[in-house]
file target24.txt (compact mmCIF, C-alpha atoms)
# COMPACT_ATOMS: atom_id res chain seq x y z
CA MET A 19 -247.78 -200.99 -79.70
CA ASN A 20 -250.17 -198.31 -78.48
CA LYS A 21 -250.92 -200.42 -75.45
CA THR A 22 -247.30 -200.58 -74.43
CA LEU A 23 -246.80 -196.89 -75.06
CA ARG A 24 -249.75 -196.10 -72.88
CA SER A 25 -248.49 -198.33 -70.09
CA VAL A 26 -245.06 -196.76 -70.30
CA VAL A 27 -246.43 -193.23 -70.21
CA ALA A 28 -248.57 -194.25 -67.26
CA ALA A 29 -245.55 -195.67 -65.51
CA GLY A 30 -243.61 -192.50 -66.23
CA PHE A 31 -246.45 -190.45 -64.90
CA ALA A 32 -246.58 -192.55 -61.76
CA GLY A 33 -242.82 -192.09 -61.38
CA THR A 34 -243.11 -188.33 -61.59
CA ILE A 35 -245.89 -188.37 -58.98
CA LEU A 36 -243.71 -190.46 -56.68
CA LEU A 37 -240.75 -188.16 -57.17
CA GLY A 38 -242.90 -185.09 -56.66
CA SER A 39 -244.45 -186.42 -53.47
CA GLY A 40 -241.04 -186.95 -51.89
CA CYS A 41 -241.01 -190.75 -52.16
CA SER A 42 -237.85 -190.77 -54.21
CA THR A 43 -235.78 -191.79 -51.18
CA THR A 44 -237.77 -194.95 -50.61
CA PRO A 45 -236.46 -198.09 -52.31
CA PRO A 46 -237.91 -198.35 -55.80
CA SER A 47 -240.30 -201.11 -56.68
CA PRO A 48 -238.64 -204.23 -58.10
CA PRO A 49 -240.34 -204.29 -61.51
CA ASP A 50 -239.21 -200.70 -62.22
CA ASP A 51 -235.64 -201.66 -61.36
CA LYS A 52 -235.65 -204.63 -63.69
CA VAL A 53 -236.86 -202.57 -66.56
CA ALA A 54 -234.47 -199.76 -65.87
CA ILE A 55 -231.34 -201.89 -65.85
CA THR A 56 -231.61 -203.56 -69.22
CA PRO A 57 -232.94 -200.90 -71.53
CA ALA A 58 -230.78 -197.99 -70.43
CA PRO A 59 -228.06 -198.55 -73.07
CA ALA A 60 -230.62 -199.33 -75.76
CA ALA A 61 -232.11 -196.76 -78.12
CA PRO A 62 -232.79 -193.72 -75.96
CA PRO A 63 -233.17 -191.18 -78.77
CA ALA A 64 -236.37 -192.78 -80.04
CA THR A 65 -238.26 -192.09 -76.80
CA ALA A 66 -236.23 -189.32 -75.23
CA PRO A 67 -238.76 -186.61 -76.02
CA GLN A 68 -241.42 -188.49 -74.07
CA ALA A 69 -239.58 -188.41 -70.75
CA PRO A 70 -238.44 -184.91 -70.01
CA PRO A 71 -240.30 -184.34 -66.68
CA ALA A 72 -238.17 -186.49 -64.40
CA PRO A 73 -234.67 -187.86 -64.89
CA ARG A 74 -235.68 -191.31 -63.57
CA VAL A 75 -238.45 -191.74 -66.08
CA ALA A 76 -236.16 -191.77 -69.06
CA PRO A 77 -234.83 -195.29 -68.53
CA ILE A 78 -238.31 -196.58 -67.88
CA VAL A 79 -239.56 -195.15 -71.11
CA ALA A 80 -236.64 -196.59 -73.00
CA ALA A 81 -237.86 -200.13 -72.35
CA PRO A 82 -240.56 -200.43 -74.99
CA PRO A 83 -238.36 -199.82 -78.02
CA ILE A 84 -236.48 -203.03 -77.25
CA GLU A 85 -239.68 -204.98 -76.97
CA GLN A 86 -240.82 -203.41 -80.19
CA GLN A 87 -237.56 -204.19 -81.90
CA LYS A 88 -237.53 -207.81 -80.81
CA PRO A 89 -240.55 -208.79 -82.85
CA ASP A 90 -239.15 -206.73 -85.70
CA LYS A 91 -235.80 -208.50 -85.64
CA PRO A 92 -236.99 -211.87 -86.98
CA ALA A 93 -238.74 -210.08 -89.77
CA ALA A 94 -235.57 -208.15 -90.50
CA LYS A 95 -233.40 -211.27 -90.34
CA ALA A 96 -235.57 -213.18 -92.77
CA PRO A 97 -234.29 -211.30 -95.81
CA VAL A 98 -230.70 -211.59 -94.52
CA LYS A 99 -230.69 -215.39 -94.73
CA PRO A 100 -230.74 -215.55 -98.51
CA ALA A 101 -227.75 -213.19 -98.49
CA VAL A 102 -225.82 -215.72 -96.38
CA VAL A 103 -226.58 -218.46 -98.87
CA LEU A 104 -224.85 -216.50 -101.62
CA PRO A 105 -221.17 -216.88 -100.52
CA PRO A 106 -220.70 -220.42 -102.00
CA LYS A 107 -220.17 -218.77 -105.38
CA PRO A 108 -216.96 -216.99 -104.30
CA GLN A 109 -215.85 -220.19 -102.53
CA ALA A 110 -216.12 -222.07 -105.80
CA ALA A 111 -213.92 -219.44 -107.39
CA THR A 112 -211.21 -219.44 -104.64
CA PRO A 113 -209.54 -222.86 -105.19
CA ALA A 114 -207.90 -221.70 -108.39
CA PRO A 115 -205.46 -219.19 -106.83
CA ALA A 116 -204.91 -221.36 -103.72
CA THR A 117 -203.10 -224.11 -105.65
CA PRO A 118 -200.57 -222.62 -108.03
CA THR A 119 -198.11 -224.60 -110.08
CA LEU A 120 -194.65 -224.51 -108.56
CA ALA A 121 -191.29 -224.33 -110.25
CA LEU A 122 -189.08 -227.32 -109.59
CA ASP A 123 -186.55 -225.47 -107.47
CA THR A 124 -189.31 -223.80 -105.45
CA LEU A 125 -190.92 -227.15 -104.88
CA GLU A 126 -187.63 -228.65 -103.78
CA GLN A 127 -187.04 -225.79 -101.33
CA ARG A 128 -190.53 -226.05 -99.90
CA LEU A 129 -190.10 -229.78 -99.41
CA LYS A 130 -186.83 -229.13 -97.58
CA ASP A 131 -188.45 -226.50 -95.38
CA THR A 132 -191.74 -228.15 -94.53
CA PRO A 133 -192.11 -229.29 -90.93
CA ALA A 134 -194.72 -231.84 -91.98
CA ILE A 135 -192.11 -234.56 -92.58
CA GLY A 136 -188.99 -235.49 -90.67
CA VAL A 137 -185.34 -235.65 -91.67
CA PHE A 138 -185.30 -239.39 -92.46
CA THR A 139 -188.41 -239.04 -94.60
CA LYS A 140 -186.97 -236.09 -96.49
CA LEU A 141 -183.71 -237.91 -97.09
CA THR A 142 -185.53 -241.04 -98.26
CA LEU A 143 -187.64 -238.95 -100.63
CA LYS A 144 -184.54 -237.23 -101.96
CA ASN A 145 -182.96 -240.64 -102.59
CA GLN A 146 -186.00 -241.72 -104.53
CA VAL A 147 -186.13 -238.52 -106.57
CA ASP A 148 -182.44 -239.04 -107.38
CA ASP A 149 -183.20 -242.63 -108.40
CA LEU A 150 -185.94 -241.43 -110.75
CA LEU A 151 -183.63 -238.82 -112.26
CA ASP A 152 -181.00 -241.55 -112.76
CA ARG A 153 -183.59 -243.60 -114.65
CA PHE A 154 -184.34 -240.65 -116.90
CA ARG A 155 -180.62 -240.10 -117.49
CA ALA A 156 -180.29 -243.75 -118.40
CA TYR A 157 -183.28 -243.44 -120.72
CA TYR A 158 -181.82 -240.41 -122.49
CA GLY A 159 -178.39 -242.09 -122.60
CA GLY A 160 -179.96 -245.11 -124.28
CA ARG A 161 -178.90 -247.34 -121.38
CA GLY A 162 -182.12 -247.83 -119.52
CA GLY A 163 -184.52 -250.61 -120.22
CA LEU A 164 -187.49 -248.42 -119.26
CA THR A 165 -189.97 -246.80 -121.59
CA ILE A 166 -191.65 -243.45 -121.14
CA PRO A 167 -194.92 -245.04 -119.88
CA GLN A 168 -192.91 -247.03 -117.34
CA LEU A 169 -191.08 -243.89 -116.25
CA ARG A 170 -194.42 -242.13 -115.96
CA GLN A 171 -195.63 -244.91 -113.70
CA HIS A 172 -192.58 -244.53 -111.43
CA TYR A 173 -193.10 -240.78 -111.44
CA GLU A 174 -196.79 -241.09 -110.52
CA GLN A 175 -195.98 -243.50 -107.70
CA LEU A 176 -193.42 -241.11 -106.28
CA LEU A 177 -195.82 -238.18 -106.48
CA ALA A 178 -198.51 -240.24 -104.77
CA LYS A 179 -196.07 -241.00 -101.94
CA VAL A 180 -195.17 -237.32 -101.57
CA HIS A 181 -198.82 -236.32 -101.60
CA GLY A 182 -199.66 -238.99 -99.02
CA LEU A 183 -196.92 -237.73 -96.72
CA LEU A 184 -197.89 -234.08 -96.99
CA LYS A 185 -201.66 -234.09 -97.19
CA ASP A 186 -202.17 -233.99 -93.41
CA GLY A 187 -199.22 -231.92 -92.25
CA ASP A 188 -198.91 -229.47 -95.14
CA PRO A 189 -202.03 -229.64 -97.33
CA ALA A 190 -201.07 -226.50 -99.27
CA LEU A 191 -197.78 -228.03 -100.36
CA ALA A 192 -199.51 -231.35 -101.07
CA SER A 193 -201.95 -229.70 -103.45
CA ALA A 194 -199.16 -227.62 -104.99
CA VAL A 195 -197.25 -230.83 -105.71
CA VAL A 196 -200.29 -232.39 -107.34
CA ASN A 197 -200.94 -229.27 -109.40
CA SER A 198 -197.33 -229.19 -110.53
CA ARG A 199 -197.49 -232.78 -111.73
CA GLU A 200 -197.77 -232.05 -115.46
CA ALA A 201 -195.33 -229.14 -115.35
CA ILE A 202 -192.66 -231.33 -113.72
CA TRP A 203 -193.39 -234.17 -116.13
CA GLY A 204 -192.95 -231.68 -118.96
CA VAL A 205 -189.47 -230.86 -117.67
CA LEU A 206 -188.53 -234.50 -117.22
CA THR A 207 -189.64 -235.55 -120.69
CA ASP A 208 -188.01 -232.63 -122.49
CA PRO A 209 -184.36 -233.60 -123.06
CA ALA A 210 -183.26 -229.96 -123.31
CA LYS A 211 -184.94 -228.96 -120.08
CA PHE A 212 -183.87 -232.16 -118.34
CA ALA A 213 -180.24 -231.55 -119.24
CA LYS A 214 -180.37 -228.28 -117.31
CA LEU A 215 -181.49 -229.95 -114.09
CA MET B 120 -189.26 -237.07 -33.98
CA ASN B 121 -191.79 -238.85 -36.14
CA PRO B 122 -189.89 -241.15 -38.54
CA PHE B 123 -192.70 -240.86 -41.13
CA LEU B 124 -192.27 -237.15 -41.46
CA GLN B 125 -189.50 -236.14 -43.84
CA PRO B 126 -187.36 -233.12 -43.26
CA PRO B 127 -188.68 -230.11 -45.18
CA VAL B 128 -185.50 -229.79 -47.25
CA ARG B 129 -185.78 -233.34 -48.56
CA GLN B 130 -189.44 -232.82 -49.30
CA ARG B 131 -188.64 -229.69 -51.21
CA HIS B 132 -185.93 -231.45 -53.24
CA ARG B 133 -188.32 -234.26 -54.07
CA LEU B 134 -190.95 -231.76 -55.16
CA LEU B 135 -188.47 -229.91 -57.35
CA LEU B 136 -187.31 -233.16 -58.94
CA THR B 137 -190.90 -234.16 -59.65
CA LEU B 138 -191.67 -230.80 -61.19
CA PHE B 139 -188.49 -230.99 -63.28
CA LEU B 140 -189.39 -234.45 -64.58
CA LEU B 141 -192.96 -233.43 -65.28
CA GLY B 142 -191.70 -230.44 -67.20
CA MET B 143 -189.20 -232.40 -69.24
CA THR B 144 -191.37 -235.40 -70.08
CA PRO B 145 -193.72 -233.78 -72.61
CA ALA B 146 -190.87 -232.31 -74.67
CA TYR B 147 -188.99 -235.60 -74.67
CA ALA B 148 -192.17 -237.51 -75.52
CA ALA B 149 -192.96 -235.13 -78.37
CA ASP B 150 -189.48 -235.64 -79.84
CA SER B 151 -189.80 -239.42 -79.54
CA ILE B 152 -193.20 -239.41 -81.20
CA ALA B 153 -191.92 -237.20 -84.02
CA LEU B 154 -188.92 -239.47 -84.59
CA ALA B 155 -191.11 -242.59 -84.55
CA LYS B 156 -193.44 -240.97 -87.05
CA ASP B 157 -190.50 -239.92 -89.23
CA LEU B 158 -189.04 -243.43 -89.20
CA THR B 159 -192.46 -244.98 -89.89
CA ALA B 160 -192.78 -242.82 -93.01
CA SER B 161 -189.24 -243.58 -94.06
CA ILE B 162 -189.73 -247.35 -93.74
CA ALA B 163 -192.98 -247.11 -95.70
CA LEU B 164 -191.21 -245.17 -98.46
CA LEU B 165 -188.60 -247.90 -98.63
CA GLY B 166 -191.42 -250.38 -99.14
CA LEU B 167 -190.70 -252.44 -96.06
CA PRO B 168 -193.39 -254.04 -93.89
CA CYS B 169 -193.73 -252.37 -90.51
CA GLY B 170 -197.06 -250.79 -89.70
CA GLN B 171 -196.16 -248.20 -87.08
CA VAL B 172 -192.85 -247.78 -85.31
CA VAL B 173 -193.60 -248.45 -81.66
CA SER B 174 -190.16 -248.01 -80.17
CA VAL B 175 -186.95 -246.31 -81.19
CA SER B 176 -183.55 -246.99 -79.74
CA PRO B 177 -180.91 -244.51 -80.94
CA GLN B 178 -177.60 -246.17 -81.85
CA GLY B 179 -175.78 -243.05 -82.94
CA GLU B 180 -176.32 -239.94 -85.00
CA ARG B 181 -178.93 -240.75 -87.66
CA ASP B 182 -178.79 -244.40 -86.67
CA ASN B 183 -181.75 -245.99 -84.91
CA LEU B 184 -182.91 -249.45 -84.03
CA VAL B 185 -186.69 -249.57 -84.37
CA THR B 186 -189.41 -252.02 -83.45
CA CYS B 187 -192.55 -252.05 -85.56
CA SER B 188 -196.12 -252.78 -84.55
CA ASP B 189 -196.06 -255.93 -86.71
CA GLY B 190 -193.02 -257.23 -84.82
CA ASN B 191 -190.38 -256.40 -87.43
CA ARG B 192 -187.19 -254.78 -86.22
CA TYR B 193 -184.93 -252.64 -88.38
CA ARG B 194 -181.80 -250.65 -88.11
CA ILE B 195 -182.47 -247.41 -89.97
CA TYR B 196 -179.43 -245.28 -90.69
CA VAL B 197 -177.88 -242.89 -93.15
CA ASN B 198 -175.00 -244.62 -94.90
CA ALA B 199 -171.76 -243.16 -96.20
CA GLN B 200 -173.37 -242.35 -99.55
CA GLY B 201 -176.02 -240.24 -97.82
CA ARG B 202 -178.79 -242.75 -98.44
CA VAL B 203 -181.27 -243.91 -95.86
CA ALA B 204 -180.72 -247.62 -95.42
CA ALA B 205 -182.77 -250.21 -93.57
CA GLU B 206 -181.36 -253.48 -92.29
CA LYS B 207 -183.71 -256.12 -91.02
CA ARG B 208 -182.80 -257.45 -87.59
call {"tool": "encode", "arguments": {"input": "target24.txt", "output": "structure tokens"}}
result
Amino acid sequence: MNKTLRSVVAAGFAGTILLGSGCSTTPPSPPDDKVAITPAPAAPPATAPQAPPAPRVAPIVAAPPIEQQKPDKPAAKAPVKPAVVLPPKPQAATPAPATPTLALDTLEQRLKDTPAIGVFTKLTLKNQVDDLLDRFRAYYGGRGGLTIPQLRQHYEQLLAKVHGLLKDGDPALASAVVNSREAIWGVLTDPAKFAKL
Amino acid sequence: MNPFLQPPVRQRHRLLLTLFLLGMTPAYAADSIALAKDLTASIALLGLPCGQVVSVSPQGERDNLVTCSDGNRYRIYVNAQGRVAAEKR
């Protein structure tokens, strides 16, 4: 560090001599130009007091701080890396609010609105949901030959189809459907709630 | 007059027609792809063998004749009861 400071002060001194001897109009030497271009916007306040004699010296003197900071940067970054490793903890906590359980009517509306599936697909899905509801009605009316486990199987198959259709085009809705699985099943298997559908 | 040189007006018309077709093709292609994808999903939901729909020939509103990648052909339409129906052809 002292070495560089000395060389910079020497360069500044040489610059003042050149300016004082009337050589300022001659084209400046290439190395001085290179140094002057890059460091100018860097930290001038650190070395500003060292270059008061000539206005041209200031940029030259400003060069060393960058060189001094460069070796410091890796040392400064080293403690930052562990801080970057920390974020996984919040990520593990985020999935919970991202996949809320949806009410049946909200789910129906979101399925109608999603651009992830086309009109024919939506209509076919609606037909199959209606078929499942008809099976439940038959079950509650004592007409259906299906048991609750069999109805659950139909229900799971339908949900798997819906999830498969949405997982690429609308992953948020797909996960919402999966998370609402038990809530919807609760409505379907409760005769009072089902009657209100 | 050189017979191989076209009059500027005709050249301009040809250029405009080309630009028009180039501009229209992507939108039309995107719609076709979306419809084919929609019908593929619909056929799969109905549990019919198909693979992917490779061509769609509209027969009317919500009525399409489709050819599948496995060679099956279906007429997919919405019937009077509002149900999506598939007829094997």
call {"tool": "interface_residues", "arguments": {"input": "target24.txt", "of": "chain A", "to": "chain B", "cutoff": "12 Å", "atoms": "all atoms listed in the file", "output": "list in words"}}
result
Pro133, Ala134, Ile135, Gly136, Val137, Phe138, Thr139, Lys140, Leu141, Thr142, Leu143, Lys144, Asn145, Gln146, Val147, Asp148, Asp149, Gln175, Leu176, Leu177, Ala178, Lys179, Val180, Gly182, Leu183, Leu184 and Gly187 of chain A
call {"tool": "residues_around", "arguments": {"input": "target24.txt", "residues": "stretch 196-212 of chain A", "least_positions_apart": "2", "cutoff": "12 Å", "atoms": "all atoms listed in the file", "output": "PyMOL selection string"}}
result
chain A and resi 113-126+147+150-159+165-167+169-182+184-185+189-194+214-215
call {"tool": "atom_distance", "arguments": {"input": "target24.txt", "atom1": "atom CA of B:Val173", "atom2": "atom CA of B:Asn191"}}
result
10.3 Å
call {"tool": "atom_distance", "arguments": {"input": "target24.txt", "atom1": "atom CA of B:Val175", "atom2": "atom CA of B:Leu136"}}
result
25.8 Å
call {"tool": "atom_distance", "arguments": {"input": "target24.txt", "atom1": "atom CA of B:Gly166", "atom2": "atom CA of B:Gly179"}}
result
23.7 Å
